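K.L.:
So I've got this file, data_7.txt, and it contains compact mmCIF, C-alpha atoms and all ligand atoms:
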```txt
# COMPACT_ATOMS: atom_id res chain seq x y z
CA MET A 223 12.88 40.46 -26.27
CA SER A 224 11.94 38.50 -23.16
CA LEU A 225 9.26 35.80 -23.39
CA PRO A 226 6.01 36.39 -21.45
CA LEU A 227 5.54 34.40 -18.29
CA ALA A 228 3.65 31.17 -18.88
CA HIS A 229 0.95 32.10 -16.35
CA PRO A 230 1.07 35.83 -15.66
CA ALA A 231 -2.34 35.69 -13.99
CA ARG A 232 -0.94 33.29 -11.41
CA ALA A 233 1.50 35.74 -9.88
CA GLN A 234 -0.81 35.71 -6.84
CA ALA A 235 -1.80 32.19 -5.87
CA GLN A 236 -5.42 31.50 -4.96
CA VAL A 237 -5.67 30.36 -1.35
CA VAL A 238 -7.59 27.26 -0.32
CA ASP A 239 -7.71 26.55 3.42
CA LEU A 240 -7.30 23.04 4.74
CA ILE A 241 -8.59 21.56 7.99
CA LEU A 242 -6.79 18.30 8.73
CA LEU A 243 -8.25 15.69 11.10
CA GLY A 244 -5.97 12.86 12.23
CA ALA A 245 -3.00 15.17 11.74
CA ARG A 246 -0.52 13.04 13.71
CA GLY A 247 -1.72 9.66 12.47
CA ARG A 248 0.20 7.71 9.84
CA VAL A 249 -1.73 9.02 6.83
CA GLY A 250 -2.12 12.52 8.31
CA THR A 251 1.62 12.79 8.89
CA ALA A 252 2.47 11.58 5.39
CA LEU A 253 -0.05 14.06 3.97
CA ARG A 254 1.54 16.97 5.85
CA GLN A 255 4.90 15.97 4.40
CA ARG A 256 3.42 15.87 0.91
CA LEU A 257 1.79 19.28 1.39
CA ALA A 258 5.19 20.72 2.22
CA SER A 259 7.12 18.93 -0.53
CA THR A 260 4.67 19.88 -3.32
CA ARG A 261 3.98 23.46 -2.27
CA THR A 262 6.24 25.14 -4.85
CA LEU A 263 5.09 22.84 -7.64
CA ILE A 264 1.39 23.39 -6.92
CA GLU A 265 1.79 27.14 -6.66
CA SER A 266 3.77 27.46 -9.88
CA GLU A 267 1.79 24.93 -11.96
CA LEU A 268 -1.72 25.54 -10.65
CA GLY A 269 -1.52 28.96 -9.04
CA LEU A 270 -2.88 27.38 -5.89
CA HIS A 271 -1.79 27.84 -2.30
CA LEU A 272 -3.02 25.03 -0.07
CA ARG A 273 -2.84 26.64 3.38
CA LEU A 274 -3.05 24.43 6.46
CA HIS A 275 -5.57 26.45 8.41
CA ALA A 276 -6.26 23.98 11.23
CA ALA A 277 -5.11 20.54 12.33
CA CYS A 278 -6.19 18.23 15.10
CA ASP A 279 -6.42 14.73 16.43
CA ARG A 280 -8.30 13.56 19.51
CA ARG A 281 -5.68 15.04 21.80
CA GLY A 282 -4.43 18.23 20.20
CA PHE A 283 -5.70 21.19 18.19
CA ALA A 284 -4.03 24.04 16.28
CA ALA A 285 -5.36 26.79 14.03
CA SER A 286 -3.84 29.83 12.38
CA GLU A 287 -5.26 32.38 9.94
CA ALA A 288 -1.77 32.76 8.47
CA GLY A 289 -1.38 29.00 8.04
CA LEU A 290 0.38 26.30 10.06
CA ASP A 291 3.73 24.83 9.08
CA PRO A 292 2.85 21.29 7.96
CA LEU A 293 6.30 20.02 8.93
CA SER A 294 6.35 21.54 12.38
CA LEU A 295 2.93 21.05 13.84
CA GLU A 296 3.87 19.98 17.35
CA PRO A 297 4.79 23.44 18.75
CA ALA A 298 1.49 24.89 17.48
CA LEU A 299 -0.70 22.22 19.08
CA ARG A 300 -2.51 22.76 22.35
CA PRO A 301 -4.77 20.29 24.16
CA ARG A 302 -8.01 19.91 22.24
CA GLU A 303 -11.08 21.29 23.98
CA HIS A 304 -14.70 20.39 23.53
CA GLY A 305 -16.15 22.39 20.62
CA ASP A 306 -12.80 23.26 18.95
CA LEU A 307 -13.51 21.37 15.77
CA GLU A 308 -17.15 22.41 15.64
CA SER A 309 -16.30 26.08 15.96
CA ILE A 310 -13.51 26.08 13.38
CA CYS A 311 -15.78 24.32 10.89
CA ALA A 312 -18.70 26.61 11.65
CA ARG A 313 -16.53 29.62 10.74
CA ARG A 314 -15.40 28.06 7.45
CA THR A 315 -18.64 28.53 5.56
CA GLY A 316 -18.48 28.96 1.80
CA ALA A 317 -18.50 32.73 2.34
CA ALA A 318 -15.21 32.56 4.30
CA GLY A 319 -13.38 31.34 1.21
CA PRO A 320 -12.81 27.85 -0.18
CA SER A 321 -11.98 25.28 2.50
CA VAL A 322 -11.33 21.56 2.30
CA LEU A 323 -11.74 19.35 5.36
CA ILE A 324 -9.48 16.31 5.19
CA ASP A 325 -10.51 13.32 7.28
CA CYS A 326 -7.55 11.04 8.04
CA THR A 327 -9.29 9.37 10.98
CA ALA A 328 -11.18 6.09 11.10
CA SER A 329 -13.94 7.69 13.17
CA ASP A 330 -17.60 6.96 12.54
CA GLU A 331 -18.49 9.95 14.69
CA ILE A 332 -16.47 12.26 12.42
CA ALA A 333 -18.15 10.73 9.35
CA GLY A 334 -21.50 11.65 10.90
CA HIS A 335 -20.62 15.36 10.58
CA TYR A 336 -20.02 15.24 6.81
CA PRO A 337 -23.54 16.27 5.70
CA GLN A 338 -23.43 19.38 7.86
CA TRP A 339 -19.93 20.38 6.73
CA LEU A 340 -20.81 19.84 3.09
CA ARG A 341 -24.05 21.80 3.48
CA GLN A 342 -22.20 24.81 4.81
CA GLY A 343 -19.88 24.85 1.80
CA LEU A 344 -16.76 22.93 2.81
CA ALA A 345 -15.44 20.20 0.56
CA VAL A 346 -14.73 16.96 2.41
CA VAL A 347 -11.95 14.57 1.40
CA GLY A 348 -11.46 11.39 3.36
CA ALA A 349 -9.54 8.17 3.71
CA ASN A 350 -12.14 7.24 6.35
CA LYS A 351 -14.37 4.41 5.11
CA HIS A 352 -17.18 4.95 7.58
CA ALA A 353 -19.07 7.65 5.65
CA GLY A 354 -19.32 5.59 2.47
CA ALA A 355 -20.46 2.51 4.37
CA ARG A 356 -23.14 4.12 6.55
CA PRO A 357 -26.84 3.32 5.89
CA LEU A 358 -28.15 4.18 2.44
CA ALA A 359 -30.29 7.08 3.67
CA PHE A 360 -27.13 8.81 4.91
CA HIS A 361 -25.21 7.87 1.77
CA ARG A 362 -27.88 9.35 -0.51
CA VAL A 363 -27.43 12.73 1.18
CA LEU A 364 -23.70 12.63 0.51
CA ARG A 365 -23.98 11.26 -3.01
CA GLU A 366 -25.13 14.56 -4.48
CA HIS A 367 -21.97 16.18 -3.12
CA ALA A 368 -19.87 13.40 -4.64
CA LEU A 369 -21.50 14.08 -8.01
CA ARG A 370 -20.49 17.72 -7.87
CA GLY A 371 -16.96 16.83 -6.70
CA THR A 372 -17.01 18.25 -3.17
CA TRP A 373 -17.03 14.88 -1.37
CA ARG A 374 -14.07 12.74 -2.46
CA TYR A 375 -13.02 9.39 -1.05
CA GLU A 376 -10.98 7.61 -3.74
CA THR A 377 -8.52 6.22 -1.17
CA THR A 378 -11.15 4.52 0.96
CA VAL A 379 -10.75 1.43 -1.26
CA GLY A 380 -7.40 0.33 -2.64
CA ALA A 381 -5.44 3.32 -1.23
CA ALA A 382 -4.04 5.19 -4.24
CA ILE A 383 -5.08 2.65 -6.92
CA PRO A 384 -7.78 4.43 -8.96
CA LEU A 385 -10.72 2.07 -8.41
CA LEU A 386 -13.74 4.25 -7.68
CA ALA A 387 -13.31 6.67 -10.58
CA PRO A 388 -13.23 3.85 -13.19
CA LEU A 389 -16.34 2.29 -11.64
CA ARG A 390 -18.11 5.66 -11.79
CA ASP A 391 -17.12 5.98 -15.44
CA LEU A 392 -18.52 2.54 -16.24
CA ARG A 393 -21.82 3.49 -14.65
CA LEU A 394 -22.01 6.86 -16.40
CA ARG A 395 -21.27 5.37 -19.81
CA GLY A 396 -24.03 2.83 -19.27
CA GLU A 397 -21.83 -0.28 -19.16
CA ARG A 398 -23.61 -2.66 -16.82
CA VAL A 399 -21.39 -4.29 -14.22
CA ARG A 400 -22.51 -7.78 -13.32
CA SER A 401 -20.13 -8.49 -10.45
CA LEU A 402 -16.92 -7.59 -8.67
CA ARG A 403 -14.37 -9.90 -7.11
CA GLY A 404 -11.27 -8.78 -5.32
CA LEU A 405 -8.56 -8.77 -2.74
CA LEU A 406 -9.30 -5.58 -0.87
CA SER A 407 -7.29 -5.81 2.33
CA GLY A 408 -3.53 -5.32 2.22
CA SER A 409 -3.27 -6.33 5.87
CA LEU A 410 -5.18 -9.61 5.41
CA SER A 411 -3.24 -10.42 2.23
CA PHE A 412 -0.04 -9.90 4.20
CA LEU A 413 -1.33 -12.14 6.99
CA LEU A 414 -2.25 -15.05 4.70
CA THR A 415 1.02 -14.71 2.78
CA ARG A 416 2.84 -15.11 6.09
CA LEU A 417 0.74 -18.19 6.98
CA HIS A 418 1.72 -19.77 3.65
CA ALA A 419 5.36 -18.98 4.50
CA GLY A 420 4.95 -21.17 7.60
CA VAL A 421 4.46 -18.44 10.22
CA ARG A 422 1.98 -19.21 13.02
CA PHE A 423 -1.35 -17.33 12.89
CA SER A 424 -0.82 -15.56 16.22
CA ASP A 425 2.75 -14.53 15.30
CA ALA A 426 1.66 -13.29 11.86
CA VAL A 427 -1.11 -11.13 13.35
CA ILE A 428 1.29 -9.52 15.82
CA GLU A 429 3.87 -9.03 13.06
CA ALA A 430 1.30 -7.30 10.84
CA ARG A 431 0.19 -5.10 13.73
CA ASP A 432 3.75 -4.15 14.70
CA LEU A 433 4.56 -3.24 11.10
CA GLY A 434 1.56 -0.88 11.13
CA TYR A 435 -0.31 -2.90 8.49
CA THR A 436 -3.41 -3.50 10.61
CA GLU A 437 -5.63 -1.20 12.62
CA PRO A 438 -4.24 -0.64 16.14
CA ASP A 439 -6.66 -3.41 17.20
CA PRO A 440 -6.05 -6.21 14.64
CA LEU A 441 -9.36 -7.85 15.55
CA GLN A 442 -10.98 -5.15 13.45
CA ASP A 443 -9.14 -6.48 10.40
CA LEU A 444 -9.82 -10.11 11.37
CA SER A 445 -13.55 -9.36 11.64
CA GLY A 446 -13.72 -8.90 7.86
CA GLN A 447 -15.84 -5.77 8.37
CA ASP A 448 -13.22 -3.55 6.78
CA VAL A 449 -13.48 -5.53 3.52
CA ALA A 450 -17.28 -5.49 3.76
CA ARG A 451 -17.23 -1.68 4.04
CA LYS A 452 -15.01 -1.47 0.96
CA LEU A 453 -17.39 -3.71 -0.99
CA LEU A 454 -20.30 -1.47 -0.03
CA ILE A 455 -18.41 1.62 -1.19
CA LEU A 456 -17.53 -0.04 -4.50
CA GLY A 457 -21.06 -1.31 -5.06
CA ARG A 458 -22.66 2.04 -4.33
CA GLU A 459 -20.34 3.64 -6.88
CA LEU A 460 -21.95 1.32 -9.41
CA GLY A 461 -25.45 2.28 -8.30
CA PHE A 462 -26.07 -0.96 -6.33
CA GLU A 463 -28.43 0.16 -3.56
CA LEU A 464 -26.99 -2.08 -0.86
CA GLU A 465 -27.03 -2.02 2.93
CA ALA A 466 -24.32 -3.56 5.11
CA ALA A 467 -26.61 -6.44 6.09
CA GLN A 468 -26.62 -7.62 2.46
CA ILE A 469 -22.93 -8.50 2.70
CA GLU A 470 -22.29 -11.81 4.42
CA VAL A 471 -19.03 -11.77 6.37
CA GLN A 472 -17.07 -14.82 7.55
CA PRO A 473 -14.57 -13.44 10.09
CA LEU A 474 -11.03 -14.80 10.28
CA SER A 475 -11.37 -15.04 14.03
CA ALA A 476 -14.49 -15.60 16.05
CA ARG A 477 -13.06 -13.39 18.79
CA THR A 478 -14.36 -9.83 18.90
CA ASP A 479 -12.77 -8.45 22.04
CA ILE A 480 -9.32 -9.29 23.43
CA ALA A 481 -7.21 -7.02 25.62
CA SER A 482 -4.06 -5.93 23.82
CA ASP A 483 -1.69 -7.69 26.23
CA ALA A 484 -3.59 -10.98 25.89
CA LEU A 485 -3.88 -10.85 22.10
CA HIS A 486 -1.00 -13.16 21.22
CA ALA A 487 -1.91 -15.81 23.79
CA GLU A 488 -5.58 -15.82 22.83
CA LEU A 489 -4.96 -15.95 19.08
CA ALA A 490 -2.44 -18.78 19.64
CA LYS A 491 -5.48 -20.97 20.40
CA GLU A 492 -6.32 -20.68 16.68
CA ASP A 493 -2.80 -21.51 15.41
CA ALA A 494 -3.47 -25.23 14.91
CA HIS A 495 -6.70 -24.57 12.99
CA TRP A 496 -4.93 -22.21 10.59
CA ALA A 497 -1.90 -24.47 10.17
CA GLN A 498 -4.23 -27.29 9.17
CA ARG A 499 -6.16 -25.10 6.69
CA VAL A 500 -2.98 -23.86 5.04
CA GLN A 501 -1.55 -27.38 4.85
CA ALA A 502 -4.74 -28.73 3.26
CA ALA A 503 -4.82 -25.91 0.69
CA ARG A 504 -1.16 -26.38 -0.12
CA ALA A 505 -1.68 -30.13 -0.66
CA ARG A 506 -4.31 -29.30 -3.31
CA GLY A 507 -2.02 -26.74 -4.97
CA GLU A 508 -4.18 -23.89 -3.71
CA ARG A 509 -3.67 -20.68 -1.75
CA LEU A 510 -5.84 -19.17 0.93
CA VAL A 511 -6.90 -15.59 0.26
CA VAL A 512 -9.57 -13.29 1.66
CA VAL A 513 -11.93 -12.63 -1.21
CA GLY A 514 -14.68 -10.03 -1.45
CA GLU A 515 -17.44 -10.70 -3.98
CA LEU A 516 -20.32 -8.43 -4.90
CA GLY A 517 -23.27 -8.25 -7.25
CA PRO A 518 -26.33 -5.99 -7.46
CA ALA A 519 -28.17 -8.08 -4.83
CA GLY A 520 -25.42 -8.44 -2.24
CA GLY A 521 -22.03 -9.87 -1.53
CA ARG A 522 -19.79 -11.88 0.74
CA VAL A 523 -16.39 -11.76 2.36
CA GLY A 524 -14.42 -14.79 3.46
CA VAL A 525 -11.32 -16.94 3.13
CA ARG A 526 -11.27 -18.94 -0.10
CA ALA A 527 -8.83 -21.56 -1.33
CA LEU A 528 -7.98 -20.63 -4.93
CA PRO A 529 -5.85 -22.43 -7.49
CA ALA A 530 -2.38 -20.90 -7.76
CA SER A 531 -3.18 -19.81 -11.34
CA ASP A 532 -6.01 -17.53 -10.15
CA PRO A 533 -5.03 -13.80 -10.47
CA LEU A 534 -6.12 -13.29 -6.87
CA ALA A 535 -3.90 -16.11 -5.62
CA SER A 536 -0.83 -14.71 -7.33
CA ALA A 537 -1.02 -11.29 -5.65
CA SER A 538 1.94 -10.25 -3.57
CA ALA A 539 1.64 -9.38 0.11
CA ARG A 540 -0.31 -6.11 0.61
CA GLU A 541 -1.36 -5.99 -3.05
CA ASN A 542 -5.00 -5.22 -3.87
CA VAL A 543 -6.72 -6.67 -6.93
CA LEU A 544 -10.16 -5.86 -8.30
CA GLU A 545 -11.82 -7.83 -11.10
CA ILE A 546 -14.77 -6.08 -12.71
CA HIS A 547 -17.07 -8.31 -14.73
CA THR A 548 -19.13 -6.14 -17.07
CA GLU A 549 -21.49 -6.96 -19.90
CA LEU A 550 -18.74 -5.95 -22.37
CA GLN A 551 -15.64 -7.04 -20.45
CA CYS A 552 -16.10 -10.49 -19.04
CA GLU A 553 -13.68 -13.01 -20.48
CA PRO A 554 -11.25 -11.91 -19.20
CA PRO A 555 -12.72 -9.30 -16.85
CA LEU A 556 -11.33 -5.81 -16.43
CA CYS A 557 -8.65 -6.08 -13.74
CA LEU A 558 -7.09 -3.30 -11.64
CA ARG A 559 -4.29 -4.02 -9.18
CA GLY A 560 -1.54 -2.31 -7.21
CA PRO A 561 -0.31 -1.51 -3.71
CA GLY A 562 -3.46 -1.34 -1.62
CA ALA A 563 -2.07 -0.09 1.69
CA GLY A 564 0.61 2.10 3.15
CA ALA A 565 0.45 5.54 4.68
CA GLU A 566 2.58 7.29 2.04
CA VAL A 567 0.70 5.90 -0.93
CA THR A 568 -2.65 6.59 0.75
CA ALA A 569 -1.62 10.16 1.54
CA ALA A 570 -0.60 10.61 -2.10
CA GLY A 571 -4.11 9.55 -3.15
CA VAL A 572 -5.71 11.83 -0.55
CA PHE A 573 -3.60 14.68 -1.88
CA SER A 574 -4.95 14.12 -5.40
CA ASP A 575 -8.47 14.32 -3.99
CA VAL A 576 -7.60 17.53 -2.12
CA LEU A 577 -6.30 19.13 -5.31
CA ALA A 578 -9.39 18.12 -7.26
CA ALA A 579 -11.74 19.36 -4.52
CA ALA A 580 -9.87 22.67 -4.24
CA ARG A 581 -10.19 23.25 -7.97
CA VAL A 582 -13.92 22.44 -7.90
CA LEU A 583 -14.44 24.98 -5.08
CA LEU A 584 -12.48 27.65 -6.93
CA ALA A 585 -14.36 26.99 -10.16
CA HIS A 586 -17.69 27.33 -8.34
CA ALA A 587 -16.53 30.46 -6.55
CA SER A 588 -15.48 32.16 -9.76
CA ALA A 589 -18.63 31.06 -11.64
CA SER A 590 -21.24 31.87 -9.05
CA GLY A 591 -19.71 33.11 -5.82
CA PRO A 592 -19.36 30.89 -2.75
CA VAL A 593 -21.49 27.79 -2.94
CA THR A 594 -23.32 26.26 -0.03
CA GLN A 595 -26.05 23.94 -1.27
CA PRO A 596 -25.84 21.91 -4.46
CA SER A 597 -28.46 23.04 -6.94
CA PRO A 598 -30.19 20.49 -9.18
CA ARG A 599 -28.76 22.33 -12.20
CA VAL A 600 -25.19 21.80 -10.99
CA GLU A 601 -25.79 18.19 -9.96
CA LYS A 602 -26.89 17.25 -13.48
CA ARG A 603 -24.02 19.03 -15.13
CA LEU A 604 -21.12 17.86 -13.04
CA PRO A 605 -20.04 14.25 -12.83
CA ALA A 606 -17.25 13.91 -10.21
N1 LIG A 701 -2.54 3.35 6.80
C1 LIG A 701 -2.96 2.87 5.63
O1 LIG A 701 -2.24 2.14 4.94
C2 LIG A 701 -4.34 3.21 5.11
C3 LIG A 701 -4.71 2.82 3.80
C4 LIG A 701 -5.98 3.19 3.30
C5 LIG A 701 -6.86 3.89 4.12
N2 LIG A 701 -6.47 4.21 5.40
C6 LIG A 701 -7.43 4.91 6.23
O2 LIG A 701 -6.89 6.18 6.58
C7 LIG A 701 -7.35 6.56 7.86
C8 LIG A 701 -6.16 6.89 8.74
O3 LIG A 701 -5.36 5.73 8.87
P1 LIG A 701 -3.99 5.76 9.70
O4 LIG A 701 -3.27 4.53 9.34
O5 LIG A 701 -3.33 7.07 9.51
O6 LIG A 701 -4.56 5.66 11.19
P2 LIG A 701 -3.83 6.11 12.56
O7 LIG A 701 -2.36 6.13 12.40
O8 LIG A 701 -4.45 5.26 13.63
O9 LIG A 701 -4.31 7.63 12.74
C9 LIG A 701 -5.65 7.96 13.02
C10 LIG A 701 -5.66 9.41 13.45
O10 LIG A 701 -7.02 9.81 13.62
C11 LIG A 701 -7.12 10.55 14.83
N3 LIG A 701 -8.49 10.55 15.31
C12 LIG A 701 -9.26 9.50 15.68
N4 LIG A 701 -10.49 9.91 16.06
C13 LIG A 701 -10.48 11.27 15.91
C14 LIG A 701 -11.44 12.28 16.13
N5 LIG A 701 -12.66 11.98 16.59
N6 LIG A 701 -11.10 13.57 15.88
C15 LIG A 701 -9.87 13.90 15.41
N7 LIG A 701 -8.89 12.97 15.20
C16 LIG A 701 -9.20 11.68 15.43
C17 LIG A 701 -6.14 9.88 15.76
O11 LIG A 701 -5.85 10.71 16.84
P3 LIG A 701 -5.35 10.18 18.28
O12 LIG A 701 -3.94 9.69 18.04
O13 LIG A 701 -5.38 11.39 19.14
O14 LIG A 701 -6.29 9.11 18.68
C18 LIG A 701 -4.96 9.68 14.78
O15 LIG A 701 -4.25 10.90 14.63
C19 LIG A 701 -8.21 5.40 8.37
O16 LIG A 701 -9.56 5.65 8.08
C20 LIG A 701 -7.71 4.23 7.55
O17 LIG A 701 -8.66 3.20 7.42
C21 LIG A 701 -5.25 3.91 5.90
```
Translate the structure described by the file into structure tokens.
P.N.:
Amino acid sequence: MSLPLAHPARAQAQVVDLILLGARGRVGTALRQRLASTRTLIESELGLHLRLHAACDRRGFAASEAGLDPLSLEPALRPREHGDLESICARRTGAAGPSVLIDCTASDEIAGHYPQWLRQGLAVVGANKHAGARPLAFHRVLREHALRGTWRYETTVGAAIPLLAPLRDLRLRGERVRSLRGLLSGSLSFLLTRLHAGVRFSDAVIEARDLGYTEPDPLQDLSGQDVARKLLILGRELGFELEAAQIEVQPLSARTDIASDALHAELAKEDAHWAQRVQAARARGERLVVVGELGPAGGRVGVRALPASDPLASASARENVLEIHTELQCEPPLCLRGPGAGAEVTAAGVFSDVLAAARVLLAHASASGPVTQPSPRVEKRLPA
């Protein structure tokens, strides 16, 4: 007698359409590779077919009802035209079947579309930090979608290290968090590690940029704003009602605008200052690290000199560390750490969010038909 199939009902996979923004960027490319490499596993284990319905960046656009080949996007792409993205999203209402929009850009403009896309029934998954760090009024609109699991952004802080979900759990179980302290920028950790290894500031910045560890314009990393955005996202997960202005930022460079070809020469003017700071810290047995600190009333970002024994000072280059000081876990605090940057690891985290969002959409569709607006009943029932 033959054994029954483990999942006879899954002979036909349920289709979830994906719209990928930033498809040829570092994270977008790694995500397409992961979509292809996990396809058989996801279909056989979950009965789910994640179909790449559309993909674009600023330059190109492709869409196919039958699905695009994630590994061979280039031949399908044509120059992007005004309105392409808007029209593909407008057609993917909840009634058109479950669709997940994946934002692998760093665009604030794209983040501004989230409320509309979520309202019309798409799930939105993003590595883009801008949505979570926009003004509170905007964030409150999105929060209800996060609570029902259709807006997911776990990789916006700490790449694939699970940081946001544990914070959400602490809040929901009523464990008051007093403060957070962490290393939240893999690129800045790399930079300061190189300074301690004796590399000049200007050379270390260019090295980090050329290795793809910084944003294309490294001044964005040096501004400290990226860490400030991450602190806001973390704090809001804990229910801290904070605006960006409540986070004080000490930039690593006072410069805000340097042409790419002048970057090295201009930053070289700060080499002596950094060499002196590193030398002074080393003489005291300390290390320079960029620390983000946050409490319910606000936070700050800046370079601190910490004793070598401090858990933040012992982190390796590109590692992220988050200490969570709660009323129950204080001495020592709860501590989460791991690789906090890298396209592959970030794409892996985004993929987990895509899977979770797809399953939420399918569960809603089978329980109540296509969903467009969150109802108060669902919001109360469904923690993310
Ligand atoms: N790389 C990492 O280690 C890492 C870690 C954690 C989080 N993240 C976050 O993940 C996101 C992607 O990072 P990345 O390293 O992949 O960046 P990237 O290599 O610079 O790629 C960004 C992509 O976004 C596209 N894009 C920008 N504006 C767009 C728009 N308005 N519409 C459609 N596409 C647009 C770009 O297209 P064009 O080429 O046409 O401009 C490019 O394909 C960022 O938000 C980043 O902060 C990255």
K.L.:
Quick one, how far is CA of Glu308 in chain A from CA of Gln236 in chain A?
P.N.:
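These atoms are spaced 25.4 Å apart.
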K.L.:
For a quick check of understanding, using all atoms listed in the file, which of A:Val525, A:Asp239, A:Phe360, A:Arg477 has the smallest distance to Glu465 in chain A?
P.N.:
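Smallest distance to Glu465 in chain A is found for A:Phe360.
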K.L.:
One decimal, Å: what's the distance from CA of Leu392 in chain A over to CA of Arg451 in chain A, could you say?
P.N.:
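Distance between the two atoms: 20.8 Å.
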K.L.:
I'd like the interatomic distance between CA of Leu405 in chain A and CA of Asn542 in chain A, to a tenth of an Å.
P.N.:
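One can read the CA of Leu405 in chain A to CA of Asn542 in chain A distance as 5.2 Å.
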K.L.:
Of the residues A:Ala537, A:Leu577, A:Ala587, A:Ile455, which is the one nearest to Leu410 in chain A, using all atoms listed in the file?
P.N.:
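Distance minimum relative to Leu410 in chain A lands on A:Ala537.
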